[in-house]
$ cat work14.cif   # mmCIF, C-alpha atoms; chains and numbers go by the auth columns
data_final
loop_
_atom_site.group_PDB
_atom_site.id
_atom_site.type_symbol
_atom_site.label_atom_id
_atom_site.label_comp_id
_atom_site.label_asym_id
_atom_site.label_seq_id
_atom_site.Cartn_x
_atom_site.Cartn_y
_atom_site.Cartn_z
_atom_site.B_iso_or_equiv
_atom_site.auth_seq_id
_atom_site.auth_asym_id
ATOM 1 C CA MET A 1 21.619 -3.286 -2.305 0.00 1 A
ATOM 2 C CA ARG A 2 19.103 -5.826 -1.094 0.00 2 A
ATOM 3 C CA PRO A 3 15.995 -5.267 1.015 0.00 3 A
ATOM 4 C CA GLY A 4 16.559 -5.482 4.739 0.00 4 A
ATOM 5 C CA PRO A 5 14.652 -7.460 7.350 0.00 5 A
ATOM 6 C CA THR A 6 10.873 -7.341 7.059 0.00 6 A
ATOM 7 C CA ILE A 7 8.699 -5.171 9.255 0.00 7 A
ATOM 8 C CA VAL A 8 4.946 -4.975 9.748 0.00 8 A
ATOM 9 C CA GLY A 9 3.839 -1.394 9.162 0.00 9 A
ATOM 10 C CA LYS A 10 1.037 0.553 10.784 0.00 10 A
ATOM 11 C CA GLN A 11 -1.075 -0.381 7.762 0.00 11 A
ATOM 12 C CA ALA A 12 -0.789 -4.100 8.740 0.00 12 A
ATOM 13 C CA LEU A 13 1.275 -5.051 5.669 0.00 13 A
ATOM 14 C CA THR A 14 4.719 -6.666 5.553 0.00 14 A
ATOM 15 C CA TYR A 15 7.513 -4.511 4.151 0.00 15 A
ATOM 16 C CA ALA A 16 11.191 -5.071 3.397 0.00 16 A
ATOM 17 C CA PRO A 17 12.811 -1.596 3.361 0.00 17 A
ATOM 18 C CA ALA A 18 15.761 -1.038 1.034 0.00 18 A
ATOM 19 C CA VAL A 19 16.358 2.694 0.526 0.00 19 A
ATOM 20 C CA SER A 20 15.393 4.966 3.421 0.00 20 A
ATOM 21 C CA ALA A 21 16.702 7.500 5.880 0.00 21 A
ATOM 22 C CA GLU A 22 17.451 4.632 8.263 0.00 22 A
ATOM 23 C CA THR A 23 19.252 2.366 5.767 0.00 23 A
ATOM 24 C CA VAL A 24 21.254 4.748 3.556 0.00 24 A
ATOM 25 C CA GLY A 25 20.617 8.250 4.898 0.00 25 A
ATOM 26 C CA SER A 26 18.139 9.177 2.153 0.00 26 A
ATOM 27 C CA THR A 27 16.636 12.633 2.585 0.00 27 A
ATOM 28 C CA GLY A 28 13.740 12.496 0.140 0.00 28 A
ATOM 29 C CA LEU A 29 13.046 8.951 -1.014 0.00 29 A
ATOM 30 C CA HIS A 30 12.014 5.596 0.381 0.00 30 A
ATOM 31 C CA MET A 31 11.913 2.308 -1.588 0.00 31 A
ATOM 32 C CA GLN A 32 10.826 -1.064 -0.308 0.00 32 A
ATOM 33 C CA LEU A 33 9.135 -4.340 -1.182 0.00 33 A
ATOM 34 C CA VAL A 34 5.642 -5.077 0.068 0.00 34 A
ATOM 35 C CA THR A 35 4.338 -8.631 0.216 0.00 35 A
ATOM 36 C CA LEU A 36 0.652 -9.429 0.592 0.00 36 A
ATOM 37 C CA PRO A 37 -0.167 -13.085 1.269 0.00 37 A
ATOM 38 C CA PRO A 38 -3.355 -14.434 -0.331 0.00 38 A
ATOM 39 C CA GLY A 39 -6.383 -12.484 0.898 0.00 39 A
ATOM 40 C CA ALA A 40 -4.310 -9.977 2.931 0.00 40 A
ATOM 41 C CA ARG A 41 -5.455 -6.383 3.214 0.00 41 A
ATOM 42 C CA ALA A 42 -4.168 -3.166 4.666 0.00 42 A
ATOM 43 C CA ARG A 43 -5.896 -0.823 7.058 0.00 43 A
ATOM 44 C CA ALA A 44 -7.391 2.260 5.436 0.00 44 A
ATOM 45 C CA HIS A 45 -4.771 5.016 5.511 0.00 45 A
ATOM 46 C CA LEU A 46 -3.173 7.943 3.735 0.00 46 A
ATOM 47 C CA HIS A 47 0.308 9.432 3.518 0.00 47 A
ATOM 48 C CA GLU A 48 0.380 13.077 4.552 0.00 48 A
ATOM 49 C CA ALA A 49 2.175 15.282 2.040 0.00 49 A
ATOM 50 C CA HIS A 50 3.948 12.336 0.364 0.00 50 A
ATOM 51 C CA GLU A 51 3.411 10.758 -3.042 0.00 51 A
ATOM 52 C CA THR A 52 3.578 7.013 -3.609 0.00 52 A
ATOM 53 C CA ALA A 53 4.355 4.992 -6.737 0.00 53 A
ATOM 54 C CA LEU A 54 4.187 1.206 -6.960 0.00 54 A
ATOM 55 C CA HIS A 55 5.302 -1.370 -9.495 0.00 55 A
ATOM 56 C CA VAL A 56 3.527 -4.713 -9.124 0.00 56 A
ATOM 57 C CA LEU A 57 5.961 -7.597 -9.557 0.00 57 A
ATOM 58 C CA SER A 58 3.577 -10.511 -9.052 0.00 58 A
ATOM 59 C CA GLY A 59 -0.047 -11.212 -8.288 0.00 59 A
ATOM 60 C CA VAL A 60 -3.169 -9.069 -8.440 0.00 60 A
ATOM 61 C CA ALA A 61 -4.122 -6.314 -6.009 0.00 61 A
ATOM 62 C CA GLY A 62 -7.323 -4.380 -5.601 0.00 62 A
ATOM 63 C CA THR A 63 -7.326 -0.932 -4.045 0.00 63 A
ATOM 64 C CA TRP A 64 -10.236 1.058 -2.667 0.00 64 A
ATOM 65 C CA TYR A 65 -9.443 4.781 -2.735 0.00 65 A
ATOM 66 C CA GLY A 66 -11.016 8.209 -2.408 0.00 66 A
ATOM 67 C CA GLU A 67 -12.387 10.288 0.454 0.00 67 A
ATOM 68 C CA ARG A 68 -14.919 7.529 1.319 0.00 68 A
ATOM 69 C CA LEU A 69 -13.064 4.668 -0.452 0.00 69 A
ATOM 70 C CA GLU A 70 -15.683 4.970 -3.174 0.00 70 A
ATOM 71 C CA HIS A 71 -13.353 4.115 -6.095 0.00 71 A
ATOM 72 C CA HIS A 72 -11.666 0.818 -6.968 0.00 72 A
ATOM 73 C CA LEU A 73 -8.713 -0.100 -9.160 0.00 73 A
ATOM 74 C CA TRP A 74 -6.957 -3.297 -10.201 0.00 74 A
ATOM 75 C CA SER A 75 -3.187 -3.629 -10.426 0.00 75 A
ATOM 76 C CA ARG A 76 -1.562 -6.709 -11.901 0.00 76 A
ATOM 77 C CA ALA A 77 2.026 -7.842 -12.434 0.00 77 A
ATOM 78 C CA GLY A 78 3.723 -5.271 -14.664 0.00 78 A
ATOM 79 C CA ASP A 79 1.408 -2.375 -13.719 0.00 79 A
ATOM 80 C CA PHE A 80 2.483 0.916 -12.187 0.00 80 A
ATOM 81 C CA VAL A 81 0.225 2.737 -9.712 0.00 81 A
ATOM 82 C CA TYR A 82 0.422 6.351 -8.547 0.00 82 A
ATOM 83 C CA ILE A 83 -1.197 7.534 -5.298 0.00 83 A
ATOM 84 C CA PRO A 84 -1.160 11.305 -4.723 0.00 84 A
ATOM 85 C CA ALA A 85 -0.340 12.652 -1.280 0.00 85 A
ATOM 86 C CA GLY A 86 -3.269 12.750 1.119 0.00 86 A
ATOM 87 C CA VAL A 87 -5.487 10.273 -0.768 0.00 87 A
ATOM 88 C CA PRO A 88 -7.138 7.657 1.475 0.00 88 A
ATOM 89 C CA HIS A 89 -6.609 4.120 0.191 0.00 89 A
ATOM 90 C CA LEU A 90 -6.997 0.501 1.241 0.00 90 A
ATOM 91 C CA PRO A 91 -5.076 -2.075 -0.826 0.00 91 A
ATOM 92 C CA TYR A 92 -5.652 -5.817 -0.633 0.00 92 A
ATOM 93 C CA ASN A 93 -4.490 -9.015 -2.322 0.00 93 A
ATOM 94 C CA ALA A 94 -7.285 -9.963 -4.720 0.00 94 A
ATOM 95 C CA SER A 95 -6.277 -13.632 -4.834 0.00 95 A
ATOM 96 C CA ARG A 96 -7.076 -16.364 -2.333 0.00 96 A
ATOM 97 C CA THR A 97 -4.157 -18.486 -3.610 0.00 97 A
ATOM 98 C CA GLU A 98 -1.292 -16.263 -4.883 0.00 98 A
ATOM 99 C CA THR A 99 0.999 -13.800 -3.112 0.00 99 A
ATOM 100 C CA CYS A 100 1.124 -10.238 -4.432 0.00 100 A
ATOM 101 C CA THR A 101 4.476 -8.423 -4.338 0.00 101 A
ATOM 102 C CA ALA A 102 5.274 -4.839 -5.333 0.00 102 A
ATOM 103 C CA VAL A 103 8.084 -2.307 -5.179 0.00 103 A
ATOM 104 C CA ILE A 104 6.994 0.918 -3.478 0.00 104 A
ATOM 105 C CA ALA A 105 8.671 4.307 -3.822 0.00 105 A
ATOM 106 C CA ARG A 106 7.570 7.178 -1.642 0.00 106 A
ATOM 107 C CA THR A 107 8.726 10.771 -1.196 0.00 107 A
ATOM 108 C CA ASP A 108 9.006 10.210 2.570 0.00 108 A
ATOM 109 C CA PRO A 109 12.433 8.838 3.496 0.00 109 A
ATOM 110 C CA ASN A 110 11.011 7.741 6.876 0.00 110 A
ATOM 111 C CA GLU A 111 8.221 5.676 5.352 0.00 111 A
ATOM 112 C CA GLN A 112 6.078 5.023 8.423 0.00 112 A
ATOM 113 C CA GLU A 113 6.167 8.587 9.771 0.00 113 A
ATOM 114 C CA SER A 114 3.661 9.958 7.244 0.00 114 A
ATOM 115 C CA VAL A 115 1.143 7.112 7.636 0.00 115 A
ATOM 116 C CA VAL A 116 -2.212 8.261 9.010 0.00 116 A
ATOM 117 C CA LEU A 117 -4.588 5.423 9.830 0.00 117 A
ATOM 118 C CA LEU A 118 -8.263 6.014 9.027 0.00 118 A
ATOM 119 C CA PRO A 119 -10.210 3.495 11.141 0.00 119 A
ATOM 120 C CA GLU A 120 -13.467 5.287 10.390 0.00 120 A
ATOM 121 C CA LEU A 121 -13.053 4.225 6.732 0.00 121 A
ATOM 122 C CA ASP A 122 -12.260 0.566 7.428 0.00 122 A
ATOM 123 C CA ALA A 123 -15.921 -0.127 8.224 0.00 123 A
ATOM 124 C CA LEU A 124 -16.962 1.268 4.827 0.00 124 A
ATOM 125 C CA ARG A 125 -15.116 -1.554 3.052 0.00 125 A
ATOM 126 C CA PRO A 126 -15.230 -4.734 5.184 0.00 126 A
ATOM 127 C CA PRO A 127 -13.092 -7.647 3.904 0.00 127 A
ATOM 128 C CA GLU A 128 -16.094 -9.636 2.719 0.00 128 A
ATOM 129 C CA GLY A 129 -16.836 -6.823 0.253 0.00 129 A
ATOM 130 C CA ASP A 130 -13.429 -7.001 -1.456 0.00 130 A
ATOM 131 C CA VAL A 131 -13.684 -7.753 -5.166 0.00 131 A
ATOM 132 C CA MET A 132 -11.611 -10.847 -5.923 0.00 132 A
ATOM 133 C CA ALA A 133 -9.796 -11.569 -9.189 0.00 133 A
#
$ encode --input "work14.cif" --output "structure tokens"
Amino acid sequence: MRPGPTIVGKQALTYAPAVSAETVGSTGLHMQLVTLPPGARARAHLHEAHETALHVLSGVAGTWYGERLEHHLWSRAGDFVYIPAGVPHLPYNASRTETCTAVIARTDPNEQESVVLLPELDALRPPEGDVMA
């Protein structure tokens, strides 16, 4: 199957859902594409009780993560990333010129239902502090 129409999620990123409760009746899995234009960033958030795995197809992303977004990781085309349930994170496109695209799999078939925004953490990592590739 192919990804469906794009949506903008609570996290402020653009998604193209493919496998979900809404599209195929999935009961335990959600898969989609996420596209981050150059310099784009999500809102700080976590997924309650649901694990997330990503495979970066193109570009370079940075992700702040941890209780106070105190940790940072890079993910480049070809990398896999695992985010345990309940871990606050804030991903962003680490390029000012290239789009970053990834496949996301999550153990929540209704992908947006487990998203918890953490506005109190957004101020800890303002956009001008993002490490760029």
$ closest_residue --input "work14.cif" --among "A:Val60, A:Val115, A:Leu29, A:Ile104" --to "A:Lys10" --atoms "only C-alpha atoms"
A:Val115
$ resolve_selection --input "work14.cif" --expression "the PyMOL selection byres ((chain A and resi 92) around 6)" --output "number ranges by chain"
A: 40-41, 61-62, 91, 93
$ write_last_selection --input "work14.cif" --atoms "C-alpha atoms" --output "PDB file, in the frame of the given file"
ATOM      1  CA  ALA A  40      -4.310  -9.977   2.931  1.00  0.00           C
ATOM      2  CA  ARG A  41      -5.455  -6.383   3.214  1.00  0.00           C
ATOM      3  CA  ALA A  61      -4.122  -6.314  -6.009  1.00  0.00           C
ATOM      4  CA  GLY A  62      -7.323  -4.380  -5.601  1.00  0.00           C
ATOM      5  CA  PRO A  91      -5.076  -2.075  -0.826  1.00  0.00           C
ATOM      6  CA  ASN A  93      -4.490  -9.015  -2.322  1.00  0.00           C
TER       7      ASN A  93
END
$ closest_residue --input "work14.cif" --among "A:Leu124, A:Leu118, A:Ala105, A:Leu57" --to "A:Pro17" --atoms "all atoms listed in the file"
A:Ala105
$ closest_residue --input "work14.cif" --among "A:Thr35, A:Thr52, A:Thr6, A:Thr63" --to "A:Glu111" --atoms "only C-alpha atoms"
A:Thr52
$ closest_residue --input "work14.cif" --among "A:Cys100, A:Met1, A:Leu73, A:Ala16" --to "A:Leu33" --atoms "all atoms listed in the file"
A:Ala16
$ atom_distance --input "work14.cif" --atom1 "atom CA of A:Thr27" --atom2 "atom CA of A:Leu90"
26.6 Å
